[in-house]
Every structure is written in C-alpha cells, then in structure tokens.
Amino acid sequence: MRVRVPALLAVWLLSACTTTPVAGPAASPGLVSAADPRAAEAGAEMLRRRGSAADAALATLVALTVVEPQSSGIGGGGFLVYEDGDGTPQTYDGREEAPAAANELWFWENGQPLSVGQAIPGGRSVGVPGNVRLMALAHRDQGRLRWAELFGPAIRLARDGFAITPRFRRALDRSRETGALSAEARALYYGPEGEPLPVGTIVRNPALAGFLEQLARGPEAFYVGPNARAIVAAVNGSPRNPSRMSTGDLASYDAKPRPPVCGRYRAYRICGMGPPSSGGTTVFAILKQLERFDLARLGPGSPTSWHLLAESMRLAFADRDHYLADPDFVSVPTAGLVDPGYLSQRSAVIAPDRALTSVAAGTPAGAPRVAAGREQVEAGTSHFVAVDRWGEVASLTSTIESVFGSGLTVNGYYLNNELTDFSIVPTVDNQRVANRVQAGKRPRSSMSPTIVYGPDGKVRLAVGAAGGATIIAQVAKAIVGVVDWNMTAQQAIAAPTLFAPGDTVFVERGTSLEAMIPALRALGHKVEAREPGFKANAIEWRDGGWLGAADPRSEGAAVVP
C-alpha cells in the first residue's frame, strides 16, 4: 500500500532522510548510530524508556526491517558483540542455517555448479533466519524493557508509513530481479508500469505491521505456526530454484553464544565475533601484522601506509578463505589464527618498499587439511551500534546477504539468500572446502561487529560495516584511523577505503586513494579503482562523552535520545 505525498512534504522527507546528523558528546542517556535515521530513532526511543543498549539495538533491527528492507531485517541473520560493563564482551551468533535436506551439491544442476547470480533468486538460497532467535537470546541476557516494547516503533512505521529515500529507490531500480521478484513486493514498492516508486512516496506495509504485532507477543510466532508454514511454502514453492525446507528446520533453530575473539593491538584490546564469522580473526590479523610499522608517523597521506595495509590484508584474507567456516562442522584454528607469534611470522614477509608477488595461506597451530573456497558477493547488510546510560555497548551487524536477499517475501519482509555465502564447489584439488554446504551448517560470514577497549580497559570504540568482504577492510581501516592516525570515528569511517582480498588491490574511486594508484603500482601492486559501496557506523568515547559516527556515503545517522 502506498500514498503519494504533496511536493513540499516530499521535499521535507527527502531532506530528513539524506542528512547525516552525528551526535556530539553525550554521557547519559546514551546514543544510537544506524544506517537509517528512522531506525536509529527507534533505538533512541528504547533508551528514553531506560532500556539497555541491547533493547536499543534490537528495536533498531526490527525498524530496519521496515525502512531498509533491501539490507537486513527479521528475514535474515546477524552477529552481536555486547559489553555489559565488566570488560568481558558477550558474543551472540544468529547466523542462518542450511535446511536438513541440504548437501554439498545443493547449488548444482545437471552435474554443474550454478553461478552465484543463478543461485541467488528464489528458494534454494534461503537459510533458516536467525535474527529473531538472536533477539530473544540477547534480550533474555541483556534486556531491561519488555519484549513487546521493542516492536512499537517498527509497527508504527509499517502501519503509518515511511518515505522512500534516494538510496532505497536506487536499490529498487538496480536490483529488480530480487526486489520485484514477489508479487507482494511489487505491490508495495513498484508502480503499475513496473517502475520503482518515486523518492518521497509514503509506503505502508500492513502485512508486516500485523505480523510484528504477533511477534511482539513472543519470538515463537516466527518459528512455529502460520509464519513458519508461510516461509516453507514460499521457498519450496518458488518458481526459481525451489528449496526443500521443512517447518522442523525452523522450529529447531537456535541462536548461540560464542566465545569472543580478542587480542591486543598496541595498547588497545580488539574484540570481535568468532566463527562462523570471519570478521574477528581477519580484522585482528590485519591489525597485528601492521603493529611493527610506525603508521602514526607515516600517516594517511602516505602511499606506504596504504601499501602496508594492502599487504597485511592480502595475507589475512588468504588465511580467512582457507580456514574459516562453521566451527560446529569444521575444526577452525581460531587460536592459531590470532596467535601473536604466528602473526609476527606472517608480518615478517611484508616489506615497506615492494609488494609480494603472490600470497598463500599460512599454517597456524591446529590447521586442518582443507581447501580454500571461492569468495561470494554480499551487499545486503546493515550495522548499528548503541550505548546506554549504564555504559553498556551493543555492536550488531544484520544481513539478508544480497540486495533484497532471495527476492522472496513473507508477511511483508524479505527472506535472505544467505546460503550463497557457502562455497558452491565443495572440493578443490581433491580436498574438501571448509565452507562447503552441509545440512544444518551456518555459512561463513564477513560481518565484523567489533568493540575496541582503550588502554584504561574501557570501551573506546564500537564499529562495524556493510558491504560483503569489504566489511573487514572497512573495520580494520576505521580502527587504524582512530588508533594510529588520531582521527575521530567519523573521520575514520569517512576516510577512503582500500580492499585487497587477493592479488588485486581495489581503491575507492573519486578519493585520494585513486591519486595514489601510480605509487601503489610502482610498489608492484595490481590496482583497480571501484565505485564506493561502503556503509559503516560507530560510536566512540572521546573528550568525556560518547560521539556517534555514520558513513557519509550512506543515509545513516547517530541519534541522542
């Protein structure tokens, strides 16, 4: 359901949604930063009610289901890193799972693997959504408000309407294969001629409002009963890539607490999400391998700084691609991957005056005999952070994987295509790929929610990003910006991004890094400029108060209650 708004109101809505307000220093009652100001405001409302940072983050997640449906929401999964004030972060795994019917050849037809593009639309790419179970587990442990209160802002947005923003409209236009795949989505977001609705159009989603009212009565409404049956019907009855999911797959899903991945970089302690996320180990490896270099002296204007970052990234990604997977199915050498001695050995091959001709995975302690898998593309993700009046901090990344996920919708929300984060080809050179498809397994993720503790042991920075494997690069760059280059979190997020997952270094087009391409090539790098697709959010403790940061490339905002 949608309504065209008068021109003056449309202009006001457009301006409200394209600004990037960033909060100034604030102590109590906290702060929320998210990729959409309306979702950030939903979290801020929880803080005004004396809710915890967990309450704020979870309300933000539900609101993003409504206003940023192309990126995240209850039809997907996520990871949460939470600091409750004792200096020991809790981490929660709400990653999606493959159904019990899945096997290593899940994405094969006629004896050949599908391409990722072929595999995404429709039912087979859909993993059992984990976000609602993640919410329930985190709320049980860290919530202060009633469960039902978390849904109020999102229900109002879905029922009363929200304006289509420029970024959302571009997504509808560029990703029609998934955005307009279902009749329900076409009726909501596209006009009679099949064109995306104009910026400023008010969209109402009564089906989603009604389901959120049911979900507000308890999380079981998602995993059993009519909604579970609707998910199974949608994915198994899809005309594109039908699945074989069962209601038992949904009923048996559980979110899991996981051990955090923590290590020391200079005087700071970096804590992130462990496997099946590859973020915690890879972000830390990038940083630790850089520790012997004086990045502060070099500064962000030096091509050598970015060369060193690229080299460290190449080494860390080689390990990531080889070893990271679901630890319930694969022996992941997590401790070995973050061991300071091992990372010192990896760092020793980095030279400040020349690039490595090639990189390969190392052999950390506990390394299994597995093969590296093929990297997939991911774009439908959102990160958000919250801090409350008690100093508790939530850093949560949520995703439906590609833009609009699988394209299938149920009760007004999009279902993920998370299973294409598995390696579609299960063996390479007669060795099993760690991240291959298996029944009940969770695919490897690049999501990197991170908390950084200062020399005093207190939270200095909480940060995360969206953008597939570039998430890791964005987070590592932001931490270097704050720790080594004395930037504010806002400056660090806004700084250009370099991404080096292999033998090609990608630099952000239209930034100072593009001007450094000749210098990087002179050092031996293969370099390409690419369009920015980045979206990061953060909070930091600075000058006696909390500061929010939102990526200027996005429509994000930091909101003080």
# chains A, B, ... in the order shown; residues from 1 in each chain; ligands from 1

$ select_by_dssp --residues "stretch 207-343 of chain A" --states "strand (DSSP E or B)" --output "count of residues only"
14

$ residues_around --residues "stretch 444-457 of chain A" --least-positions-apart "3" --cutoff "6 Å" --atoms "only C-alpha atoms" --output "PyMOL selection string"
chain A and resi 267-272+276-279+325+395-397+460-464+469

$ closest_residue --among "A:Leu172, A:Ile493, A:Ala183, A:Ala63" --to "A:Ala154" --atoms "only C-alpha atoms"
A:Ala63

$ select_by_dssp --residues "stretch 444-491 of chain A" --states "alpha helix (DSSP H)" --output "VMD selection string"
chain A and resid 470 to 483 489 to 491

$ residues_around --residues "A:Asn411" --least-positions-apart "5" --cutoff "7 Å" --atoms "only C-alpha atoms" --output "list of chain:residue names"
A:Ala207, A:Leu208, A:Phe211

$ closest_residue --among "A:Ser402, A:Ala310, A:Ala386, A:Ala138" --to "A:Val116" --atoms "only C-alpha atoms"
A:Ser402

$ residues_around --residues "A:Pro29" --least-positions-apart "6" --cutoff "10 Å" --atoms "only C-alpha atoms" --output "PDB file with N, CA and C atoms, in the first residue's frame"
ATOM      1  N   ALA A  44      16.746   4.912  19.886  1.00  0.00           N
ATOM      2  CA  ALA A  44      16.803   6.002  20.863  1.00  0.00           C
ATOM      3  C   ALA A  44      15.556   6.037  21.736  1.00  0.00           C
ATOM      4  N   LEU A  47      16.073   3.849  24.610  1.00  0.00           N
ATOM      5  CA  LEU A  47      16.952   4.461  25.612  1.00  0.00           C
ATOM      6  C   LEU A  47      16.206   5.485  26.457  1.00  0.00           C
ATOM      7  N   ARG A  48      15.300   6.214  25.829  1.00  0.00           N
ATOM      8  CA  ARG A  48      14.491   7.180  26.604  1.00  0.00           C
ATOM      9  C   ARG A  48      13.621   6.465  27.624  1.00  0.00           C
ATOM     10  N   ARG A  49      13.247   5.246  27.334  1.00  0.00           N
ATOM     11  CA  ARG A  49      12.430   4.459  28.263  1.00  0.00           C
ATOM     12  C   ARG A  49      13.284   3.749  29.315  1.00  0.00           C
ATOM     13  N   ARG A  50      14.560   4.089  29.358  1.00  0.00           N
ATOM     14  CA  ARG A  50      15.518   3.483  30.268  1.00  0.00           C
ATOM     15  C   ARG A  50      15.808   2.029  29.898  1.00  0.00           C
ATOM     16  N   GLY A  51      15.767   1.756  28.591  1.00  0.00           N
ATOM     17  CA  GLY A  51      16.163   0.452  28.103  1.00  0.00           C
ATOM     18  C   GLY A  51      17.669   0.347  28.013  1.00  0.00           C
ATOM     19  N   SER A  52      18.139  -0.882  27.825  1.00  0.00           N
ATOM     20  CA  SER A  52      19.567  -1.141  27.707  1.00  0.00           C
ATOM     21  C   SER A  52      20.027  -0.923  26.267  1.00  0.00           C
ATOM     22  N   VAL A 387      24.791   2.630  22.843  1.00  0.00           N
ATOM     23  CA  VAL A 387      25.329   2.678  24.199  1.00  0.00           C
ATOM     24  C   VAL A 387      24.241   3.248  25.095  1.00  0.00           C
ATOM     25  N   ASP A 388      24.108   2.722  26.304  1.00  0.00           N
ATOM     26  CA  ASP A 388      23.040   3.171  27.184  1.00  0.00           C
ATOM     27  C   ASP A 388      23.586   3.984  28.354  1.00  0.00           C
ATOM     28  N   ARG A 389      22.709   4.395  29.259  1.00  0.00           N
ATOM     29  CA  ARG A 389      23.085   5.256  30.379  1.00  0.00           C
ATOM     30  C   ARG A 389      23.999   4.560  31.385  1.00  0.00           C
ATOM     31  N   TRP A 390      24.051   3.230  31.317  1.00  0.00           N
ATOM     32  CA  TRP A 390      24.923   2.477  32.232  1.00  0.00           C
ATOM     33  C   TRP A 390      26.276   2.158  31.593  1.00  0.00           C
ATOM     34  N   GLY A 391      26.483   2.594  30.361  1.00  0.00           N
ATOM     35  CA  GLY A 391      27.737   2.325  29.679  1.00  0.00           C
ATOM     36  C   GLY A 391      27.803   0.982  28.985  1.00  0.00           C
ATOM     37  N   VAL A 560      20.968  10.979  19.582  1.00  0.00           N
ATOM     38  CA  VAL A 560      20.963  11.041  21.044  1.00  0.00           C
ATOM     39  C   VAL A 560      19.511  11.089  21.512  1.00  0.00           C
ATOM     40  N   PRO A 561      19.130  10.270  22.477  1.00  0.00           N
ATOM     41  CA  PRO A 561      17.730  10.287  22.940  1.00  0.00           C
ATOM     42  C   PRO A 561      17.301  11.651  23.444  1.00  0.00           C
TER      43      PRO A 561
END

$ atom_distance --atom1 "atom CA of A:Gly301" --atom2 "atom CA of A:Gly556"
26.4 Å

$ closest_atom_pairs --of "stretch 319-395 of chain A" --to "stretch 283-292 of chain A" --cutoff "8 Å" --atoms "only C-alpha atoms" --output "tab-separated table"
residue	atom	partner	partner_atom	distance
A:Leu337	CA	A:Ala285	CA	7.4
A:Val338	CA	A:Ala285	CA	6.2
A:Pro340	CA	A:Lys288	CA	7.4
A:Leu343	CA	A:Gln289	CA	5.8
A:Ser344	CA	A:Gln289	CA	6.3
A:Arg346	CA	A:Gln289	CA	6.8
A:Ser347	CA	A:Gln289	CA	4.6

$ write_last_selection --atoms "C-alpha atoms" --output "JSON list (two decimals), in the first residue's frame"
[["chain", "number", "residue", "atom", "x", "y", "z"],
["A", 337, "LEU", "CA", 44.98, -17.57, 13.51],
["A", 338, "VAL", "CA", 45.21, -14.84, 16.17],
["A", 340, "PRO", "CA", 50.83, -13.17, 18.16],
["A", 343, "LEU", "CA", 51.06, -13.25, 13.06],
["A", 344, "SER", "CA", 54.61, -12.00, 13.66],
["A", 346, "ARG", "CA", 53.20, -13.60, 8.69],
["A", 347, "SER", "CA", 54.12, -9.94, 9.14]]

$ closest_atom_pairs --of "stretch 389-473 of chain A" --to "stretch 96-114 of chain A" --cutoff "6 Å" --atoms "only C-alpha atoms" --output "Markdown table"
| residue | atom | partner | partner_atom | distance |
| --- | --- | --- | --- | --- |
| A:Pro426 | CA | A:Glu104 | CA | 5.9 |
| A:Val437 | CA | A:Glu104 | CA | 4.8 |
| A:Gln438 | CA | A:Asn103 | CA | 5.0 |
| A:Ala439 | CA | A:Ala100 | CA | 4.6 |
| A:Gly440 | CA | A:Ala98 | CA | 4.8 |
| A:Lys441 | CA | A:Glu97 | CA | 5.3 |
| A:Arg442 | CA | A:Glu97 | CA | 4.6 |

$ closest_residue --among "A:Leu58, A:Arg530, A:Gly85, A:Asn435" --to "A:Arg146" --atoms "only C-alpha atoms"
A:Leu58

$ closest_residue --among "A:Arg95, A:Arg174, A:Arg354, A:Arg124" --to "A:Phe404" --atoms "only C-alpha atoms"
A:Arg174

$ residues_around --residues "A:Glu177" --least-positions-apart "4" --cutoff "12 Å" --atoms "only C-alpha atoms" --output "ChimeraX atom specification"
/A:117-118,120-122,171-173,181-182,185-186,194,240,402-408

$ residues_around --residues "A:Phe506" --least-positions-apart "6" --cutoff "6 Å" --atoms "only C-alpha atoms" --output "list in words"
Leu498, Phe499, Val527, Glu528 and Ala529 of chain A

$ atom_distance --atom1 "atom CA of A:Ala54" --atom2 "atom CA of A:Gly263"
23.9 Å

$ closest_residue --among "A:Ala233, A:Phe534, A:Glu392, A:Pro501" --to "A:Glu555" --atoms "only C-alpha atoms"
A:Phe534
